[in-house]
Every structure is written in C-alpha cells, then in structure tokens.
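The structure file query_12.cif is reproduced below (mmCIF, N, CA and C atoms and all ligand atoms).
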```
data_start
#
loop_
_atom_site.label_atom_id
_atom_site.label_comp_id
_atom_site.auth_asym_id
_atom_site.auth_seq_id
_atom_site.Cartn_x
_atom_site.Cartn_y
_atom_site.Cartn_z
N MET A 131 47.43 -24.89 0.16
CA MET A 131 48.40 -24.80 -0.92
C MET A 131 49.79 -25.20 -0.42
N ARG A 132 50.67 -25.48 -1.35
CA ARG A 132 52.08 -25.78 -1.03
C ARG A 132 52.87 -24.48 -1.15
N ILE A 133 53.45 -24.06 -0.04
CA ILE A 133 54.15 -22.78 -0.01
C ILE A 133 55.61 -23.01 0.36
N SER A 134 56.52 -22.56 -0.46
CA SER A 134 57.95 -22.61 -0.13
C SER A 134 58.35 -21.31 0.54
N LEU A 135 59.01 -21.42 1.68
CA LEU A 135 59.39 -20.26 2.47
C LEU A 135 60.90 -20.19 2.56
N ALA A 136 61.44 -18.98 2.38
CA ALA A 136 62.89 -18.81 2.50
C ALA A 136 63.19 -17.52 3.26
N SER A 137 64.23 -17.60 4.08
CA SER A 137 64.71 -16.38 4.75
C SER A 137 66.20 -16.54 4.98
N ASP A 138 66.91 -15.41 4.86
CA ASP A 138 68.36 -15.49 5.07
C ASP A 138 68.74 -15.32 6.54
N SER A 139 67.75 -15.03 7.40
CA SER A 139 68.04 -14.98 8.83
C SER A 139 66.78 -15.30 9.61
N LEU A 140 66.96 -15.49 10.92
CA LEU A 140 65.80 -15.76 11.78
C LEU A 140 65.38 -14.50 12.53
N ASP A 141 65.88 -13.36 12.06
CA ASP A 141 65.54 -12.09 12.71
C ASP A 141 64.07 -11.73 12.44
N GLY A 142 63.58 -10.82 13.27
CA GLY A 142 62.25 -10.24 13.03
C GLY A 142 61.16 -11.29 12.92
N ILE A 143 60.36 -11.17 11.87
CA ILE A 143 59.17 -12.01 11.74
C ILE A 143 59.45 -13.36 11.05
N ALA A 144 60.73 -13.71 10.86
CA ALA A 144 61.04 -14.92 10.08
C ALA A 144 60.44 -16.19 10.68
N SER A 145 60.63 -16.42 11.98
CA SER A 145 60.10 -17.65 12.58
C SER A 145 58.58 -17.62 12.63
N MET A 146 58.04 -16.46 12.92
CA MET A 146 56.59 -16.29 12.98
C MET A 146 55.93 -16.61 11.64
N LEU A 147 56.67 -16.30 10.57
CA LEU A 147 56.16 -16.54 9.22
C LEU A 147 55.74 -18.01 9.04
N VAL A 148 56.59 -18.92 9.52
CA VAL A 148 56.31 -20.36 9.34
C VAL A 148 54.99 -20.73 10.02
N THR A 149 54.85 -20.34 11.28
CA THR A 149 53.63 -20.71 12.01
C THR A 149 52.40 -20.01 11.43
N GLU A 150 52.57 -18.78 10.98
CA GLU A 150 51.43 -18.04 10.43
C GLU A 150 50.95 -18.65 9.10
N VAL A 151 51.89 -19.12 8.30
CA VAL A 151 51.50 -19.75 7.02
C VAL A 151 50.86 -21.12 7.29
N GLU A 152 51.45 -21.87 8.21
CA GLU A 152 50.87 -23.19 8.54
C GLU A 152 49.49 -23.03 9.18
N ARG A 153 49.34 -22.02 10.04
CA ARG A 153 48.07 -21.77 10.73
C ARG A 153 46.94 -21.50 9.73
N ARG A 154 47.31 -21.03 8.54
CA ARG A 154 46.30 -20.76 7.50
C ARG A 154 46.03 -21.99 6.64
N GLY A 155 46.57 -23.14 7.07
CA GLY A 155 46.24 -24.41 6.42
C GLY A 155 47.13 -24.82 5.27
N HIS A 156 48.27 -24.16 5.11
CA HIS A 156 49.16 -24.48 4.00
C HIS A 156 50.28 -25.42 4.45
N SER A 157 50.80 -26.20 3.52
CA SER A 157 51.98 -27.02 3.84
C SER A 157 53.21 -26.25 3.37
N VAL A 158 54.28 -26.33 4.15
CA VAL A 158 55.44 -25.50 3.86
C VAL A 158 56.68 -26.34 3.57
N THR A 159 57.51 -25.81 2.69
CA THR A 159 58.87 -26.30 2.47
C THR A 159 59.79 -25.16 2.85
N LEU A 160 60.81 -25.46 3.65
CA LEU A 160 61.63 -24.40 4.22
C LEU A 160 63.02 -24.35 3.63
N TYR A 161 63.52 -23.13 3.44
CA TYR A 161 64.87 -22.90 2.92
C TYR A 161 65.60 -21.87 3.77
N GLY A 162 66.91 -21.89 3.64
CA GLY A 162 67.74 -20.89 4.29
C GLY A 162 67.75 -21.06 5.80
N ALA A 163 67.70 -19.94 6.50
CA ALA A 163 67.77 -19.98 7.97
C ALA A 163 66.56 -20.68 8.58
N LEU A 164 65.49 -20.83 7.81
CA LEU A 164 64.30 -21.52 8.32
C LEU A 164 64.50 -23.04 8.36
N ALA A 165 65.51 -23.53 7.65
CA ALA A 165 65.79 -24.98 7.58
C ALA A 165 67.19 -25.23 8.14
N PRO A 166 67.27 -25.73 9.37
CA PRO A 166 68.58 -25.90 10.00
C PRO A 166 69.56 -26.66 9.09
N GLY A 167 70.76 -26.10 8.92
CA GLY A 167 71.79 -26.75 8.10
C GLY A 167 71.77 -26.34 6.64
N ASP A 168 70.72 -25.61 6.23
CA ASP A 168 70.62 -25.20 4.83
C ASP A 168 71.48 -23.96 4.57
N ARG A 169 71.84 -23.72 3.33
CA ARG A 169 72.51 -22.46 2.98
C ARG A 169 71.58 -21.30 3.27
N ALA A 170 72.12 -20.23 3.84
CA ALA A 170 71.23 -19.13 4.22
C ALA A 170 71.60 -17.82 3.53
N ASP A 171 72.36 -17.89 2.45
CA ASP A 171 72.59 -16.64 1.70
C ASP A 171 71.31 -16.34 0.90
N TRP A 172 70.93 -15.05 0.91
CA TRP A 172 69.61 -14.69 0.36
C TRP A 172 69.46 -15.06 -1.10
N ALA A 173 70.53 -14.88 -1.88
CA ALA A 173 70.41 -15.16 -3.32
C ALA A 173 70.09 -16.63 -3.55
N TRP A 174 70.75 -17.50 -2.75
CA TRP A 174 70.53 -18.93 -2.93
C TRP A 174 69.16 -19.36 -2.42
N CYS A 175 68.87 -19.03 -1.15
CA CYS A 175 67.65 -19.61 -0.56
C CYS A 175 66.38 -19.02 -1.19
N CYS A 176 66.41 -17.76 -1.55
CA CYS A 176 65.20 -17.16 -2.13
C CYS A 176 64.97 -17.65 -3.56
N SER A 177 66.06 -17.87 -4.30
CA SER A 177 65.88 -18.42 -5.64
C SER A 177 65.47 -19.89 -5.58
N ALA A 178 65.92 -20.60 -4.55
CA ALA A 178 65.51 -22.02 -4.41
C ALA A 178 64.01 -22.11 -4.17
N ALA A 179 63.49 -21.24 -3.31
CA ALA A 179 62.03 -21.25 -3.05
C ALA A 179 61.27 -20.86 -4.32
N ALA A 180 61.78 -19.87 -5.03
CA ALA A 180 61.12 -19.44 -6.27
C ALA A 180 61.15 -20.55 -7.32
N ARG A 181 62.25 -21.27 -7.37
CA ARG A 181 62.37 -22.37 -8.35
C ARG A 181 61.32 -23.46 -8.07
N ASP A 182 60.99 -23.66 -6.80
CA ASP A 182 59.91 -24.62 -6.47
C ASP A 182 58.61 -24.23 -7.17
N VAL A 183 58.34 -22.92 -7.21
CA VAL A 183 57.12 -22.44 -7.88
C VAL A 183 57.24 -22.66 -9.39
N ALA A 184 58.37 -22.24 -9.94
CA ALA A 184 58.54 -22.33 -11.40
C ALA A 184 58.48 -23.78 -11.88
N GLU A 185 58.95 -24.70 -11.04
CA GLU A 185 59.03 -26.10 -11.47
C GLU A 185 57.88 -26.97 -10.91
N GLY A 186 56.89 -26.30 -10.32
CA GLY A 186 55.66 -27.00 -9.94
C GLY A 186 55.69 -27.74 -8.62
N ARG A 187 56.74 -27.56 -7.83
CA ARG A 187 56.79 -28.23 -6.52
C ARG A 187 56.05 -27.43 -5.45
N ALA A 188 55.79 -26.16 -5.76
CA ALA A 188 55.05 -25.30 -4.82
C ALA A 188 54.07 -24.45 -5.62
N ASP A 189 53.01 -24.03 -4.95
CA ASP A 189 52.04 -23.14 -5.61
C ASP A 189 52.50 -21.69 -5.52
N GLN A 190 53.10 -21.36 -4.40
CA GLN A 190 53.59 -19.99 -4.18
C GLN A 190 54.83 -20.05 -3.28
N ALA A 191 55.51 -18.89 -3.22
CA ALA A 191 56.67 -18.78 -2.33
C ALA A 191 56.55 -17.50 -1.51
N VAL A 192 57.16 -17.53 -0.34
CA VAL A 192 57.36 -16.31 0.45
C VAL A 192 58.86 -16.22 0.72
N VAL A 193 59.46 -15.14 0.31
CA VAL A 193 60.92 -15.00 0.42
C VAL A 193 61.27 -13.75 1.22
N CYS A 194 62.25 -13.88 2.09
CA CYS A 194 62.56 -12.78 3.03
C CYS A 194 64.05 -12.53 3.12
N CYS A 195 64.39 -11.27 3.26
CA CYS A 195 65.73 -10.88 3.69
C CYS A 195 65.56 -9.58 4.47
N TRP A 196 66.65 -9.03 4.97
CA TRP A 196 66.53 -7.87 5.85
C TRP A 196 65.79 -6.73 5.17
N THR A 197 66.18 -6.40 3.95
CA THR A 197 65.52 -5.32 3.21
C THR A 197 64.31 -5.79 2.40
N GLY A 198 64.31 -7.05 2.02
CA GLY A 198 63.31 -7.58 1.10
C GLY A 198 63.70 -7.41 -0.36
N THR A 199 64.68 -6.56 -0.61
CA THR A 199 65.03 -6.26 -1.99
C THR A 199 65.81 -7.41 -2.64
N GLY A 200 66.80 -7.93 -1.94
CA GLY A 200 67.56 -9.06 -2.50
C GLY A 200 66.65 -10.27 -2.72
N ALA A 201 65.75 -10.50 -1.75
CA ALA A 201 64.82 -11.63 -1.87
C ALA A 201 63.97 -11.48 -3.13
N SER A 202 63.46 -10.28 -3.37
CA SER A 202 62.59 -10.09 -4.55
C SER A 202 63.39 -10.15 -5.84
N ILE A 203 64.60 -9.59 -5.82
CA ILE A 203 65.44 -9.64 -7.03
C ILE A 203 65.77 -11.09 -7.39
N ALA A 204 66.19 -11.87 -6.39
CA ALA A 204 66.57 -13.27 -6.65
C ALA A 204 65.37 -14.08 -7.14
N ALA A 205 64.22 -13.90 -6.51
CA ALA A 205 63.03 -14.66 -6.92
C ALA A 205 62.60 -14.28 -8.33
N ASN A 206 62.68 -12.99 -8.64
CA ASN A 206 62.24 -12.54 -9.97
C ASN A 206 63.17 -12.96 -11.10
N LYS A 207 64.38 -13.38 -10.75
CA LYS A 207 65.29 -13.90 -11.79
C LYS A 207 64.87 -15.28 -12.29
N VAL A 208 63.99 -15.95 -11.53
CA VAL A 208 63.56 -17.30 -11.92
C VAL A 208 62.39 -17.16 -12.89
N ALA A 209 62.55 -17.69 -14.08
CA ALA A 209 61.52 -17.55 -15.11
C ALA A 209 60.19 -18.11 -14.63
N GLY A 210 59.14 -17.34 -14.84
CA GLY A 210 57.80 -17.78 -14.45
C GLY A 210 57.39 -17.29 -13.08
N VAL A 211 58.34 -16.70 -12.36
CA VAL A 211 58.01 -16.20 -11.03
C VAL A 211 57.77 -14.70 -11.09
N ARG A 212 56.68 -14.28 -10.46
CA ARG A 212 56.36 -12.86 -10.32
C ARG A 212 56.35 -12.56 -8.84
N ALA A 213 57.49 -12.04 -8.36
CA ALA A 213 57.63 -11.76 -6.93
C ALA A 213 57.31 -10.30 -6.66
N ALA A 214 56.58 -10.06 -5.59
CA ALA A 214 56.18 -8.70 -5.22
C ALA A 214 56.65 -8.41 -3.80
N LEU A 215 57.42 -7.35 -3.67
CA LEU A 215 57.87 -6.89 -2.34
C LEU A 215 56.74 -6.10 -1.72
N CYS A 216 56.18 -6.62 -0.65
CA CYS A 216 54.97 -6.02 -0.07
C CYS A 216 55.24 -5.52 1.35
N THR A 217 54.81 -4.30 1.60
CA THR A 217 55.02 -3.70 2.92
C THR A 217 53.71 -3.48 3.66
N ASP A 218 52.61 -3.76 3.02
CA ASP A 218 51.32 -3.63 3.71
C ASP A 218 50.28 -4.49 3.00
N ALA A 219 49.12 -4.62 3.64
CA ALA A 219 48.09 -5.51 3.14
C ALA A 219 47.54 -5.07 1.78
N ALA A 220 47.39 -3.76 1.60
CA ALA A 220 46.84 -3.28 0.32
C ALA A 220 47.77 -3.62 -0.84
N THR A 221 49.07 -3.51 -0.59
CA THR A 221 50.03 -3.86 -1.65
C THR A 221 49.97 -5.36 -1.93
N ALA A 222 49.84 -6.16 -0.87
CA ALA A 222 49.78 -7.62 -1.06
C ALA A 222 48.52 -8.01 -1.84
N ALA A 223 47.40 -7.39 -1.50
CA ALA A 223 46.15 -7.68 -2.22
C ALA A 223 46.27 -7.27 -3.69
N GLY A 224 46.86 -6.10 -3.92
CA GLY A 224 47.04 -5.64 -5.30
C GLY A 224 47.98 -6.53 -6.08
N ALA A 225 49.00 -7.01 -5.43
CA ALA A 225 49.96 -7.89 -6.10
C ALA A 225 49.30 -9.19 -6.56
N ARG A 226 48.43 -9.73 -5.73
CA ARG A 226 47.71 -10.94 -6.14
C ARG A 226 46.68 -10.61 -7.22
N LYS A 227 45.96 -9.51 -7.02
CA LYS A 227 44.86 -9.19 -7.93
C LYS A 227 45.35 -8.73 -9.30
N TRP A 228 46.24 -7.76 -9.32
CA TRP A 228 46.61 -7.14 -10.60
C TRP A 228 47.87 -7.73 -11.22
N ASN A 229 48.74 -8.28 -10.40
CA ASN A 229 50.01 -8.82 -10.92
C ASN A 229 50.00 -10.34 -10.99
N ASP A 230 48.97 -10.99 -10.43
CA ASP A 230 48.97 -12.45 -10.30
C ASP A 230 50.33 -12.90 -9.72
N ALA A 231 50.79 -12.14 -8.73
CA ALA A 231 52.09 -12.47 -8.13
C ALA A 231 52.03 -13.85 -7.49
N ASN A 232 53.09 -14.61 -7.73
CA ASN A 232 53.14 -15.97 -7.15
C ASN A 232 54.27 -16.11 -6.13
N ALA A 233 54.92 -15.01 -5.81
CA ALA A 233 55.90 -15.01 -4.73
C ALA A 233 55.77 -13.70 -3.96
N LEU A 234 55.67 -13.81 -2.66
CA LEU A 234 55.58 -12.66 -1.77
C LEU A 234 56.96 -12.41 -1.18
N ALA A 235 57.50 -11.23 -1.40
CA ALA A 235 58.79 -10.88 -0.80
C ALA A 235 58.54 -9.94 0.38
N LEU A 236 59.23 -10.21 1.47
CA LEU A 236 59.04 -9.44 2.69
C LEU A 236 60.36 -8.92 3.22
N SER A 237 60.31 -7.73 3.80
CA SER A 237 61.47 -7.17 4.50
C SER A 237 61.37 -7.55 5.97
N LEU A 238 62.40 -8.24 6.46
CA LEU A 238 62.42 -8.58 7.89
C LEU A 238 62.56 -7.31 8.73
N ARG A 239 63.18 -6.29 8.14
CA ARG A 239 63.39 -5.03 8.86
C ARG A 239 62.10 -4.25 9.05
N LEU A 240 61.29 -4.20 8.01
CA LEU A 240 60.12 -3.31 7.99
C LEU A 240 58.84 -3.94 8.51
N THR A 241 58.75 -5.26 8.47
CA THR A 241 57.46 -5.91 8.68
C THR A 241 57.26 -6.25 10.16
N SER A 242 56.28 -5.63 10.78
CA SER A 242 55.97 -5.93 12.18
C SER A 242 55.10 -7.19 12.23
N PRO A 243 55.00 -7.84 13.40
CA PRO A 243 54.12 -9.01 13.51
C PRO A 243 52.68 -8.71 13.08
N GLN A 244 52.18 -7.56 13.49
CA GLN A 244 50.80 -7.19 13.12
C GLN A 244 50.65 -7.04 11.60
N VAL A 245 51.62 -6.35 11.01
CA VAL A 245 51.55 -6.14 9.55
C VAL A 245 51.73 -7.46 8.83
N LEU A 246 52.56 -8.36 9.37
CA LEU A 246 52.72 -9.68 8.73
C LEU A 246 51.37 -10.40 8.66
N THR A 247 50.62 -10.40 9.74
CA THR A 247 49.33 -11.11 9.70
C THR A 247 48.38 -10.44 8.70
N GLU A 248 48.43 -9.13 8.64
CA GLU A 248 47.56 -8.41 7.68
C GLU A 248 47.97 -8.73 6.23
N ILE A 249 49.27 -8.74 6.00
CA ILE A 249 49.76 -9.04 4.65
C ILE A 249 49.37 -10.47 4.25
N LEU A 250 49.57 -11.43 5.16
CA LEU A 250 49.25 -12.83 4.81
C LEU A 250 47.75 -13.02 4.60
N ASP A 251 46.93 -12.37 5.44
CA ASP A 251 45.48 -12.47 5.24
C ASP A 251 45.09 -11.95 3.86
N ALA A 252 45.66 -10.81 3.49
CA ALA A 252 45.34 -10.21 2.19
C ALA A 252 45.86 -11.08 1.05
N TRP A 253 47.09 -11.54 1.20
CA TRP A 253 47.75 -12.33 0.14
C TRP A 253 46.96 -13.61 -0.14
N PHE A 254 46.56 -14.31 0.93
CA PHE A 254 45.92 -15.62 0.73
C PHE A 254 44.42 -15.51 0.45
N SER A 255 43.84 -14.33 0.63
CA SER A 255 42.40 -14.24 0.34
C SER A 255 42.11 -13.62 -1.03
N GLU A 256 43.08 -12.88 -1.57
CA GLU A 256 42.85 -12.22 -2.87
C GLU A 256 43.15 -13.20 -4.01
N THR A 257 42.43 -13.03 -5.10
CA THR A 257 42.65 -13.88 -6.29
C THR A 257 42.93 -12.98 -7.51
N PRO A 258 43.59 -13.54 -8.53
CA PRO A 258 43.92 -12.73 -9.71
C PRO A 258 42.66 -12.19 -10.40
N SER A 259 42.77 -10.96 -10.87
CA SER A 259 41.69 -10.31 -11.58
C SER A 259 41.36 -11.06 -12.88
N THR A 260 40.07 -11.07 -13.22
CA THR A 260 39.67 -11.67 -14.50
C THR A 260 39.46 -10.60 -15.58
N ASP A 261 39.70 -9.35 -15.22
CA ASP A 261 39.61 -8.26 -16.20
C ASP A 261 40.62 -8.53 -17.32
N PRO A 262 40.17 -8.48 -18.59
CA PRO A 262 41.08 -8.79 -19.70
C PRO A 262 42.32 -7.90 -19.74
N GLU A 263 42.17 -6.64 -19.34
CA GLU A 263 43.33 -5.73 -19.33
C GLU A 263 44.39 -6.19 -18.32
N ASP A 264 43.93 -6.62 -17.16
CA ASP A 264 44.86 -7.12 -16.14
C ASP A 264 45.52 -8.41 -16.62
N ALA A 265 44.72 -9.28 -17.20
CA ALA A 265 45.25 -10.55 -17.70
C ALA A 265 46.27 -10.31 -18.81
N ALA A 266 46.00 -9.29 -19.65
CA ALA A 266 46.93 -8.97 -20.75
C ALA A 266 48.27 -8.48 -20.21
N ASN A 267 48.22 -7.69 -19.15
CA ASN A 267 49.47 -7.23 -18.54
C ASN A 267 50.29 -8.39 -18.01
N VAL A 268 49.63 -9.31 -17.33
CA VAL A 268 50.34 -10.46 -16.76
C VAL A 268 50.88 -11.33 -17.90
N ALA A 269 50.09 -11.49 -18.95
CA ALA A 269 50.55 -12.28 -20.11
C ALA A 269 51.77 -11.62 -20.74
N TYR A 270 51.76 -10.29 -20.80
CA TYR A 270 52.91 -9.56 -21.36
C TYR A 270 54.15 -9.80 -20.51
N VAL A 271 53.98 -9.69 -19.21
CA VAL A 271 55.11 -9.91 -18.28
C VAL A 271 55.70 -11.30 -18.48
N ARG A 272 54.81 -12.29 -18.66
CA ARG A 272 55.28 -13.67 -18.86
C ARG A 272 56.26 -13.78 -20.03
N GLU A 273 56.05 -12.94 -21.05
CA GLU A 273 56.86 -13.03 -22.27
C GLU A 273 58.11 -12.15 -22.24
N ILE A 274 58.25 -11.31 -21.23
CA ILE A 274 59.43 -10.43 -21.17
C ILE A 274 60.68 -11.27 -20.95
N ARG A 275 61.69 -11.03 -21.79
CA ARG A 275 62.98 -11.75 -21.64
C ARG A 275 64.10 -10.75 -21.44
O1 LIG B 301 68.66 -7.50 2.85
C1 LIG B 301 69.48 -8.30 2.47
C2 LIG B 301 69.72 -8.50 1.02
O2 LIG B 301 68.87 -7.74 0.23
C3 LIG B 301 70.29 -9.10 3.44
O3 LIG B 301 69.45 -9.61 4.42
C4 LIG B 301 71.35 -8.18 4.03
O4 LIG B 301 72.28 -7.88 3.01
C5 LIG B 301 72.06 -8.81 5.22
O5 LIG B 301 72.74 -9.96 4.83
P1 LIG B 301 73.86 -10.59 5.80
O6 LIG B 301 73.21 -10.83 7.12
O7 LIG B 301 74.27 -11.83 5.10
O8 LIG B 301 74.94 -9.56 5.88
#
```
Written form, structure tokens:
Amino acid sequence: MRISLASDSLDGIASMLVTEVERRGHSVTLYGALAPGDRADWAWCCSAAARDVAEGRADQAVVCCWTGTGASIAANKVAGVRAALCTDAATAAGARKWNDANALALSLRLTSPQVLTEILDAWFSETPSTDPEDAANVAYVREIR
C-alpha cells in the first residue's frame, strides 16, 4: 500500500517507523521531520499526510507527535480521514476492524520499539468488519459535519 508518514520530530520511534513500514512492503511518502527540509510543525505535517489519504495519493497515513494527540486532532480535521490514536496492538486492530480507521496516530513518548512493531503488525493485518452494524457506524461517522 501507499502510506504517508508524518512526524514532528525524530525522537523515539520516529525513524524506526519508516523502516518498519517499508519492511512490511509498503511505499512511503514522508512529511515533517522525516523529510529533511520539510515543515515539521505537527499541525502542518500530520494534516499533509492525512490529506494524501483524503485526496487519494495514499491508502493510509501514520502520523506522530510527542503525545500523539495533536497528530490525531490534525489528521481528523481532514474530511474523510478517520485517525485513531493507538497505544497498543489491540487498539490498533480494533481501530481497523470497527472504525475502518485510515490513519494511525502514534505517541512518540509512549510507544516503545517493541510496541511499535506489535501495533504495525496488528494495523496492517486487520481488515474492516463486514458486520452491518459496524459498517453503519462508519457510514454515520462519514456524514458527521
Ligand atoms: O505532542 C505534540 C503535539 O500534540 C508535540 O509533539 C509537542 O507539543 C512538542 O512540540 P514541539 O517540539 O514543537 O514543542
């Protein structure tokens, strides 16, 4: 898949994120501190990655900041993006399955290298639920203005 990655710093698991996503066979587009010379303020770089998803240049995004909160807020402001701040594999799997989340938000502060690999394995292996109730929730979210 085409994955847009953004981080406002190179702290913690930020650099590892790029290699871990590529190692899983995805092509990446980089924003913020991950792309030398790019703007690295979280609001800008995380919304830029999310906009790639909304406008069809990427299938999914992974957005990071120290807390993960700004990254998720900025990504969720982009229409059509459902960003989920995930701190463990079960949350990441649930976000893909029940929320059809198309952007993974991560906290550079909280996410250890081990947890990052667990989250990415869960995120990329889970698929959206086909249960009509789950689909109805996601459809409802799509229409929220
Ligand atoms: O978590 C964040 C936003 O939600 C930022 O990473 C945090 O505010 C630090 O930013 P800066 O290094 O620019 O001061």
May I have the residues within 9 Å of A:Asp141 as a ChimeraX atom specification, using only C-alpha atoms and disregarding those fewer than 3 positions away in the same chain? /A:138,144-145,196,238-239
Using N, CA and C atoms, can you write the selected residues to a file as a JSON list (two decimals), keeping the file's coordinate frame?
```json
[["chain", "number", "residue", "atom", "x", "y", "z"],
["A", 138, "ASP", "N", 66.91, -15.41, 4.86],
["A", 138, "ASP", "CA", 68.36, -15.49, 5.07],
["A", 138, "ASP", "C", 68.74, -15.32, 6.54],
["A", 144, "ALA", "N", 60.73, -13.71, 10.86],
["A", 144, "ALA", "CA", 61.04, -14.92, 10.08],
["A", 144, "ALA", "C", 60.44, -16.19, 10.68],
["A", 145, "SER", "N", 60.63, -16.42, 11.98],
["A", 145, "SER", "CA", 60.10, -17.65, 12.58],
["A", 145, "SER", "C", 58.58, -17.62, 12.63],
["A", 196, "TRP", "N", 66.65, -9.03, 4.97],
["A", 196, "TRP", "CA", 66.53, -7.87, 5.85],
["A", 196, "TRP", "C", 65.79, -6.73, 5.17],
["A", 238, "LEU", "N", 62.40, -8.24, 6.46],
["A", 238, "LEU", "CA", 62.42, -8.58, 7.89],
["A", 238, "LEU", "C", 62.56, -7.31, 8.73],
["A", 239, "ARG", "N", 63.18, -6.29, 8.14],
["A", 239, "ARG", "CA", 63.39, -5.03, 8.86],
["A", 239, "ARG", "C", 62.10, -4.25, 9.05]]
```
Using only C-alpha atoms and all ligand atoms, which residues of the polymer chains come no farther than 7 Å from ligand LIG 301 (chain B)? I'd like the answer as a list of chain:residue names. A:Asp138, A:Ser139, A:Asp171, A:Trp172, A:Cys195, A:Trp196, A:Thr197, A:Gly198, A:Thr199, A:Gly200, A:Ala201
When you look at A:Ala191 with a cut-off of 7 Å (counting all atoms listed in the file), what residues show up, excluding the ones that are within fewer than 6 positions of it in the same chain? I need them as a PyMOL selection string. chain A and resi 132-136+179-180+183+232-235
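Every residue of chain A with a DSSP assignment of strand (DSSP E or B), taken from the backbone, is listed as Arg132, Ile133, Ser134, Leu135, Ala136, Ser137, Ser157, Val158, Thr159, Leu160, Tyr161, Gly162, Gln190, Ala191, Val192, Val193, Cys194, Cys195, Ala213, Ala214, Leu215, Ala233, Leu234, Ala235, Leu236 and Ser237 of chain A.
When atom N of A:Asn267 is paired with atom CA of A:Glu248, their separation reads 26.8 Å.
Taking atom N of A:Met131 and atom C of A:Asp189 as endpoints, the distance between them is 8.3 Å.
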Work out how far apart atom CA of A:Ala265 and atom CA of A:Ala223 are and give it in Å to one decimal. 15.8 Å
Starting from the incomplete input, reconstruct N, CA, C and O atoms of stretch 193-205 of chain A and report them as a PDB file, in the frame of the given file.
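Output contents, as saved in rebuild-v7.pdb:
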```pdb
ATOM      1  N   VAL A 193      59.460 -15.140   0.310  1.00  0.00           N
ATOM      2  CA  VAL A 193      60.920 -15.000   0.420  1.00  0.00           C
ATOM      3  C   VAL A 193      61.270 -13.750   1.220  1.00  0.00           C
ATOM      4  O   VAL A 193      60.639 -12.699   1.051  1.00  0.00           O
ATOM      5  N   CYS A 194      62.250 -13.880   2.090  1.00  0.00           N
ATOM      6  CA  CYS A 194      62.560 -12.780   3.030  1.00  0.00           C
ATOM      7  C   CYS A 194      64.050 -12.530   3.120  1.00  0.00           C
ATOM      8  O   CYS A 194      64.853 -13.464   3.113  1.00  0.00           O
ATOM      9  N   CYS A 195      64.390 -11.270   3.260  1.00  0.00           N
ATOM     10  CA  CYS A 195      65.730 -10.880   3.690  1.00  0.00           C
ATOM     11  C   CYS A 195      65.560  -9.580   4.470  1.00  0.00           C
ATOM     12  O   CYS A 195      64.440  -9.106   4.645  1.00  0.00           O
ATOM     13  N   TRP A 196      66.650  -9.030   4.970  1.00  0.00           N
ATOM     14  CA  TRP A 196      66.530  -7.870   5.850  1.00  0.00           C
ATOM     15  C   TRP A 196      65.790  -6.730   5.170  1.00  0.00           C
ATOM     16  O   TRP A 196      64.865  -6.139   5.712  1.00  0.00           O
ATOM     17  N   THR A 197      66.180  -6.400   3.950  1.00  0.00           N
ATOM     18  CA  THR A 197      65.520  -5.320   3.210  1.00  0.00           C
ATOM     19  C   THR A 197      64.310  -5.790   2.400  1.00  0.00           C
ATOM     20  O   THR A 197      63.440  -4.997   2.059  1.00  0.00           O
ATOM     21  N   GLY A 198      64.310  -7.050   2.020  1.00  0.00           N
ATOM     22  CA  GLY A 198      63.310  -7.580   1.100  1.00  0.00           C
ATOM     23  C   GLY A 198      63.700  -7.410  -0.360  1.00  0.00           C
ATOM     24  O   GLY A 198      63.116  -8.037  -1.252  1.00  0.00           O
ATOM     25  N   THR A 199      64.680  -6.560  -0.610  1.00  0.00           N
ATOM     26  CA  THR A 199      65.030  -6.260  -1.990  1.00  0.00           C
ATOM     27  C   THR A 199      65.810  -7.410  -2.640  1.00  0.00           C
ATOM     28  O   THR A 199      65.498  -7.817  -3.765  1.00  0.00           O
ATOM     29  N   GLY A 200      66.800  -7.930  -1.940  1.00  0.00           N
ATOM     30  CA  GLY A 200      67.560  -9.060  -2.500  1.00  0.00           C
ATOM     31  C   GLY A 200      66.650 -10.270  -2.720  1.00  0.00           C
ATOM     32  O   GLY A 200      66.748 -10.956  -3.740  1.00  0.00           O
ATOM     33  N   ALA A 201      65.750 -10.500  -1.750  1.00  0.00           N
ATOM     34  CA  ALA A 201      64.820 -11.630  -1.870  1.00  0.00           C
ATOM     35  C   ALA A 201      63.970 -11.480  -3.130  1.00  0.00           C
ATOM     36  O   ALA A 201      63.771 -12.444  -3.893  1.00  0.00           O
ATOM     37  N   SER A 202      63.460 -10.280  -3.370  1.00  0.00           N
ATOM     38  CA  SER A 202      62.590 -10.090  -4.550  1.00  0.00           C
ATOM     39  C   SER A 202      63.390 -10.150  -5.840  1.00  0.00           C
ATOM     40  O   SER A 202      62.935 -10.724  -6.840  1.00  0.00           O
ATOM     41  N   ILE A 203      64.600  -9.590  -5.820  1.00  0.00           N
ATOM     42  CA  ILE A 203      65.440  -9.640  -7.030  1.00  0.00           C
ATOM     43  C   ILE A 203      65.770 -11.090  -7.390  1.00  0.00           C
ATOM     44  O   ILE A 203      65.629 -11.509  -8.545  1.00  0.00           O
ATOM     45  N   ALA A 204      66.190 -11.870  -6.390  1.00  0.00           N
ATOM     46  CA  ALA A 204      66.570 -13.270  -6.650  1.00  0.00           C
ATOM     47  C   ALA A 204      65.370 -14.080  -7.140  1.00  0.00           C
ATOM     48  O   ALA A 204      65.485 -14.847  -8.107  1.00  0.00           O
ATOM     49  N   ALA A 205      64.220 -13.900  -6.510  1.00  0.00           N
ATOM     50  CA  ALA A 205      63.030 -14.660  -6.920  1.00  0.00           C
ATOM     51  C   ALA A 205      62.600 -14.280  -8.330  1.00  0.00           C
ATOM     52  O   ALA A 205      62.223 -15.138  -9.144  1.00  0.00           O
TER      53      ALA A 205
END
```
